[in-house]
$ cat work37.txt   # compact mmCIF, C-alpha atoms
# COMPACT_ATOMS: atom_id res chain seq x y z
CA MET A 1 134.65 -141.07 96.05
CA SER A 2 132.29 -142.00 93.20
CA GLN A 3 133.74 -143.30 89.97
CA THR A 4 132.41 -142.44 86.54
CA ASN A 5 130.80 -145.43 84.86
CA THR A 6 132.58 -145.44 81.51
CA SER A 7 130.33 -148.21 80.21
CA THR A 8 127.47 -145.73 79.90
CA ARG A 9 129.41 -143.31 77.77
CA PRO A 10 128.52 -143.28 74.09
CA ALA A 11 131.10 -144.90 71.88
CA PRO A 12 133.40 -142.39 70.15
CA THR A 13 132.72 -141.75 66.50
CA ARG A 14 134.71 -140.56 63.54
CA PRO A 15 133.82 -139.20 60.08
CA VAL A 16 133.48 -141.92 57.44
CA TRP A 17 130.95 -140.92 54.79
CA ASP A 18 131.65 -137.70 52.92
CA PRO A 19 128.84 -135.27 51.90
CA LEU A 20 128.72 -136.50 48.30
CA VAL A 21 128.08 -140.07 49.43
CA ARG A 22 125.51 -139.09 52.06
CA ILE A 23 123.55 -136.49 50.10
CA GLY A 24 123.75 -138.60 46.97
CA HIS A 25 122.48 -141.68 48.81
CA TRP A 26 119.30 -139.99 50.03
CA THR A 27 118.80 -138.10 46.77
CA LEU A 28 119.00 -141.44 44.98
CA VAL A 29 116.39 -142.96 47.30
CA ILE A 30 113.97 -140.08 46.70
CA ALA A 31 114.57 -139.95 42.95
CA PHE A 32 114.22 -143.70 42.40
CA PHE A 33 110.93 -144.00 44.27
CA THR A 34 109.64 -140.80 42.65
CA ALA A 35 110.34 -142.33 39.24
CA TYR A 36 108.81 -145.65 40.28
CA LEU A 37 105.61 -144.16 41.70
CA SER A 38 105.07 -141.61 38.92
CA GLY A 39 105.44 -144.10 36.05
CA ASP A 40 103.89 -143.35 32.67
CA ASP A 41 100.99 -141.42 34.21
CA LEU A 42 103.27 -138.55 35.21
CA PHE A 43 105.89 -138.97 32.53
CA ASN A 44 107.71 -135.65 32.97
CA ILE A 45 108.22 -136.34 36.67
CA HIS A 46 109.24 -139.93 35.86
CA LYS A 47 111.69 -138.73 33.23
CA TRP A 48 113.42 -136.10 35.34
CA ALA A 49 113.59 -138.33 38.39
CA GLY A 50 115.22 -140.94 36.15
CA TYR A 51 117.76 -138.38 34.98
CA VAL A 52 118.63 -137.63 38.60
CA VAL A 53 119.14 -141.35 39.27
CA ALA A 54 121.31 -141.77 36.17
CA GLY A 55 123.32 -138.66 36.97
CA TYR A 56 124.11 -139.72 40.50
CA VAL A 57 124.99 -143.27 39.44
CA LEU A 58 127.57 -141.89 37.02
CA VAL A 59 128.93 -139.47 39.62
CA ARG A 60 129.13 -142.27 42.19
CA ILE A 61 131.05 -144.50 39.78
CA VAL A 62 133.60 -141.73 39.20
CA TRP A 63 133.71 -140.98 42.94
CA GLY A 64 134.33 -144.64 43.57
CA VAL A 65 137.62 -144.21 41.73
CA ILE A 66 138.80 -140.75 42.79
CA GLY A 67 136.78 -140.04 45.93
CA THR A 68 137.54 -140.11 49.64
CA ARG A 69 138.96 -143.25 51.21
CA HIS A 70 135.80 -145.08 52.24
CA ALA A 71 133.94 -144.01 49.09
CA ARG A 72 136.44 -145.76 46.83
CA PHE A 73 135.67 -149.18 45.41
CA THR A 74 139.12 -150.37 46.46
CA ASP A 75 138.09 -149.86 50.08
CA PHE A 76 135.05 -152.14 50.06
CA VAL A 77 134.85 -154.31 46.93
CA ARG A 78 135.95 -157.82 47.86
CA GLY A 79 135.63 -161.26 46.33
CA PRO A 80 132.74 -163.74 46.71
CA GLY A 81 134.64 -165.65 49.41
CA ALA A 82 134.88 -162.57 51.61
CA VAL A 83 131.20 -161.74 51.05
CA LEU A 84 130.03 -165.26 51.94
CA GLY A 85 132.42 -165.36 54.88
CA TYR A 86 131.00 -162.13 56.26
CA LEU A 87 127.42 -163.36 55.86
CA ARG A 88 128.25 -166.62 57.67
CA SER A 89 129.92 -164.72 60.50
CA LEU A 90 126.96 -162.33 60.68
CA PHE A 91 124.52 -165.18 61.27
CA SER A 92 126.85 -166.78 63.79
CA GLY A 93 127.15 -163.52 65.73
CA LYS A 94 130.88 -163.15 65.12
CA ALA A 95 130.91 -160.68 62.26
CA LYS A 96 133.96 -158.48 61.98
CA ASP A 97 133.24 -154.77 62.03
CA TYR A 98 134.46 -152.47 59.27
CA ALA A 99 135.03 -148.73 59.28
CA GLY A 100 133.44 -148.43 55.83
CA HIS A 101 131.22 -150.90 53.99
CA ASN A 102 131.49 -154.51 55.05
CA PRO A 103 132.02 -157.05 52.20
CA ALA A 104 128.30 -157.78 51.84
CA GLY A 105 127.47 -154.07 51.86
CA GLY A 106 130.14 -153.46 49.24
CA ALA A 107 128.67 -156.16 47.01
CA MET A 108 125.24 -154.57 47.41
CA VAL A 109 126.60 -151.16 46.38
CA ILE A 110 127.95 -152.67 43.16
CA ALA A 111 124.74 -154.61 42.49
CA LEU A 112 122.56 -151.54 43.01
CA LEU A 113 124.74 -149.30 40.85
CA PHE A 114 124.70 -151.88 38.05
CA SER A 115 120.95 -152.44 38.28
CA LEU A 116 120.22 -148.71 38.32
CA LEU A 117 122.61 -148.12 35.42
CA VAL A 118 120.79 -150.72 33.30
CA THR A 119 117.37 -149.43 34.40
CA THR A 120 118.08 -145.83 33.46
CA SER A 121 120.01 -146.69 30.29
CA ALA A 122 117.14 -148.85 29.03
CA GLY A 123 114.64 -146.13 29.91
CA MET A 124 116.57 -143.43 28.05
CA ALA A 125 117.13 -145.76 25.08
CA LEU A 126 113.38 -146.48 24.98
CA TYR A 127 112.65 -142.74 25.05
CA ALA A 128 115.05 -142.22 22.17
CA VAL A 129 113.53 -145.03 20.10
CA GLU A 130 109.90 -144.11 20.80
CA ASP A 131 110.07 -140.30 20.62
CA ASN A 132 113.55 -139.51 19.29
CA ALA A 133 114.03 -137.50 22.47
CA GLY A 134 116.24 -137.47 25.52
CA PRO A 135 120.03 -137.64 25.86
CA LEU A 136 120.30 -140.71 23.62
CA ALA A 137 118.21 -139.27 20.76
CA GLY A 138 120.06 -139.61 17.47
CA ILE A 139 122.53 -142.02 19.07
CA VAL A 140 120.19 -144.93 19.77
CA THR A 141 117.60 -145.84 17.13
CA GLU A 142 115.22 -148.69 16.47
CA GLU A 143 117.78 -150.21 14.11
CA THR A 144 120.33 -150.33 16.95
CA PHE A 145 118.30 -152.92 18.81
CA ALA A 146 116.42 -154.56 15.93
CA PRO A 147 118.81 -157.56 15.60
CA LEU A 148 118.77 -158.15 19.36
CA ALA A 149 114.99 -157.82 19.51
CA SER A 150 114.65 -160.32 16.68
CA ALA A 151 116.98 -162.73 18.46
CA PHE A 152 114.76 -162.57 21.55
CA GLY A 153 111.61 -163.06 19.47
CA GLU A 154 110.14 -159.60 20.04
CA GLU A 155 107.72 -159.24 17.13
CA GLY A 156 106.40 -155.79 17.84
CA GLU A 157 102.76 -156.13 18.86
CA HIS A 158 102.05 -155.42 22.48
CA GLY A 159 99.01 -154.53 24.54
CA GLY A 160 96.69 -154.23 21.55
CA HIS A 161 98.77 -151.64 19.70
CA GLU A 162 101.69 -151.72 17.33
CA GLU A 163 105.09 -151.48 18.94
CA SER A 164 108.46 -152.17 17.39
CA GLY A 165 110.47 -155.14 18.54
CA ALA A 166 113.14 -152.76 19.82
CA GLU A 167 110.58 -150.89 21.91
CA GLU A 168 109.28 -154.15 23.39
CA LEU A 169 112.79 -155.29 24.21
CA LEU A 170 113.81 -152.04 25.87
CA GLU A 171 110.55 -151.74 27.77
CA GLY A 172 110.97 -155.29 29.04
CA VAL A 173 114.55 -154.69 30.17
CA HIS A 174 113.58 -151.39 31.81
CA LYS A 175 110.72 -152.94 33.79
CA ALA A 176 112.67 -156.07 34.71
CA PHE A 177 115.52 -154.07 36.20
CA VAL A 178 113.13 -151.81 38.08
CA TYR A 179 111.88 -154.89 39.91
CA ILE A 180 115.40 -156.25 40.32
CA THR A 181 116.33 -152.92 41.91
CA LEU A 182 113.33 -153.10 44.24
CA ALA A 183 114.38 -156.59 45.31
CA LEU A 184 117.93 -155.37 45.93
CA VAL A 185 116.59 -152.46 47.99
CA GLY A 186 114.68 -154.94 50.16
CA LEU A 187 117.83 -157.03 50.67
CA HIS A 188 119.81 -153.87 51.37
CA LEU A 189 117.39 -152.80 54.10
CA ALA A 190 117.50 -156.26 55.65
CA GLY A 191 121.29 -156.13 55.59
CA VAL A 192 121.37 -152.70 57.23
CA VAL A 193 119.11 -153.91 60.03
CA ALA A 194 121.11 -157.12 60.53
CA SER A 195 124.46 -155.33 60.58
CA SER A 196 123.13 -152.60 62.85
CA LEU A 197 121.96 -155.20 65.37
CA ALA A 198 125.16 -157.25 65.10
CA HIS A 199 127.44 -154.27 65.63
CA LYS A 200 125.09 -152.32 67.93
CA GLU A 201 125.22 -149.28 65.71
CA ASN A 202 122.58 -147.34 63.76
CA LEU A 203 123.95 -147.53 60.21
CA ALA A 204 121.05 -145.54 58.75
CA ARG A 205 121.85 -142.67 61.09
CA ALA A 206 125.52 -142.94 60.10
CA MET A 207 124.50 -142.30 56.50
CA VAL A 208 122.88 -139.05 57.71
CA THR A 209 125.60 -137.80 60.03
CA GLY A 210 128.53 -139.30 58.14
CA ARG A 211 130.01 -140.56 61.42
CA LYS A 212 130.48 -144.15 62.60
CA GLN A 213 131.79 -145.65 65.80
CA VAL A 214 135.55 -146.00 66.01
CA HIS A 215 136.68 -149.50 65.12
CA GLU A 216 139.92 -151.16 64.31
CA GLU A 217 140.86 -150.93 60.68
CA ALA A 218 139.77 -153.92 58.62

$ encode --input "work37.txt" --output "structure tokens"
Amino acid sequence: MSQTNTSTRPAPTRPVWDPLVRIGHWTLVIAFFTAYLSGDDLFNIHKWAGYVVAGYVLVRIVWGVIGTRHARFTDFVRGPGAVLGYLRSLFSGKAKDYAGHNPAGGAMVIALLFSLLVTTSAGMALYAVEDNAGPLAGIVTEETFAPLASAFGEEGEHGGHEESGAEELLEGVHKAFVYITLALVGLHLAGVVASSLAHKENLARAMVTGRKQVHEEA
């Protein structure tokens, strides 16, 4: 009598990522790179893509407090020791598996949300200062950032045309955090590949299906 080879069976999976996390994740990817690639040349596209990014970041922060189990910050935000410990174990080939985000992945979620929040906030503040438009119009003005711009030595002449110190400051912060976000995205992709190989699981696919392999609870 032949016996079934259970080693060839696919590992069982269970739902982990809810629709808001999954759909929001890929919407965020599309919106961020749309904003980045459109830039000032296609400002309306850039602006609305930025609004989508900002909107999802705010929703994700709220969902991190009241959302489903593995979407909550309490499920995956851990201290620096846990993050470094996971990274060391990952390189040694003994990384513990987690049902939700591992400690390094959790730290990356926080870093990306913070970077995107600063990026979009600076962009909307710049729009308000330059054109008195956008959601921060009438709330944020040149005078709001004038003392800070002066402290950083922003004198207001840039690229051959007059620009207020506040505009220079906000534009600099906006651009700097765009590149910080891009660097974080690169690290995030490297982490996804490394964790996928270490745990023999396609984490990118899990963010599409919402299902991950069954593991012991961390």

$ residues_around --input "work37.txt" --residues "Tyr86 in chain A" --least-positions-apart "6" --cutoff "12 Å" --atoms "all atoms listed in the file" --output "MDAnalysis selection string"
chainID A and resid 78:80 92:98 101:107 191 194:195 198

$ closest_residue --input "work37.txt" --among "A:Thr144, A:Val77, A:Ala82, A:Phe32" --to "Gly165 in chain A" --atoms "only C-alpha atoms"
A:Thr144

$ atom_distance --input "work37.txt" --atom1 "CA of Ala137 in chain A" --atom2 "CA of Leu28 in chain A"
24.3 Å

$ closest_residue --input "work37.txt" --among "A:Leu116, A:Val16, A:Leu58, A:Leu87" --to "Val29 in chain A" --atoms "all atoms listed in the file"
A:Leu116

$ atom_distance --input "work37.txt" --atom1 "CA of Val140 in chain A" --atom2 "CA of Leu170 in chain A"
11.3 Å

$ closest_residue --input "work37.txt" --among "A:Pro12, A:Gly39, A:Pro147, A:Gly100" --to "Phe73 in chain A" --atoms "all atoms listed in the file"
A:Gly100

$ closest_residue --input "work37.txt" --among "A:Ser121, A:Gly138, A:Asn202, A:Asn132" --to "Val173 in chain A" --atoms "all atoms listed in the file"
A:Ser121

$ residues_around --input "work37.txt" --residues "Trp17 in chain A" --least-positions-apart "3" --cutoff "7 Å" --atoms "all atoms listed in the file" --output "ChimeraX atom specification"
/A:21-22,70,207,210-211

$ closest_residue --input "work37.txt" --among "A:Val65, A:Leu84, A:Leu126, A:Ala183" --to "Ser164 in chain A" --atoms "all atoms listed in the file"
A:Leu126

$ closest_residue --input "work37.txt" --among "A:Thr181, A:Gln213, A:Ser150, A:Thr27" --to "Val53 in chain A" --atoms "only C-alpha atoms"
A:Thr27

$ atom_distance --input "work37.txt" --atom1 "CA of Tyr127 in chain A" --atom2 "CA of Val59 in chain A"
22.1 Å
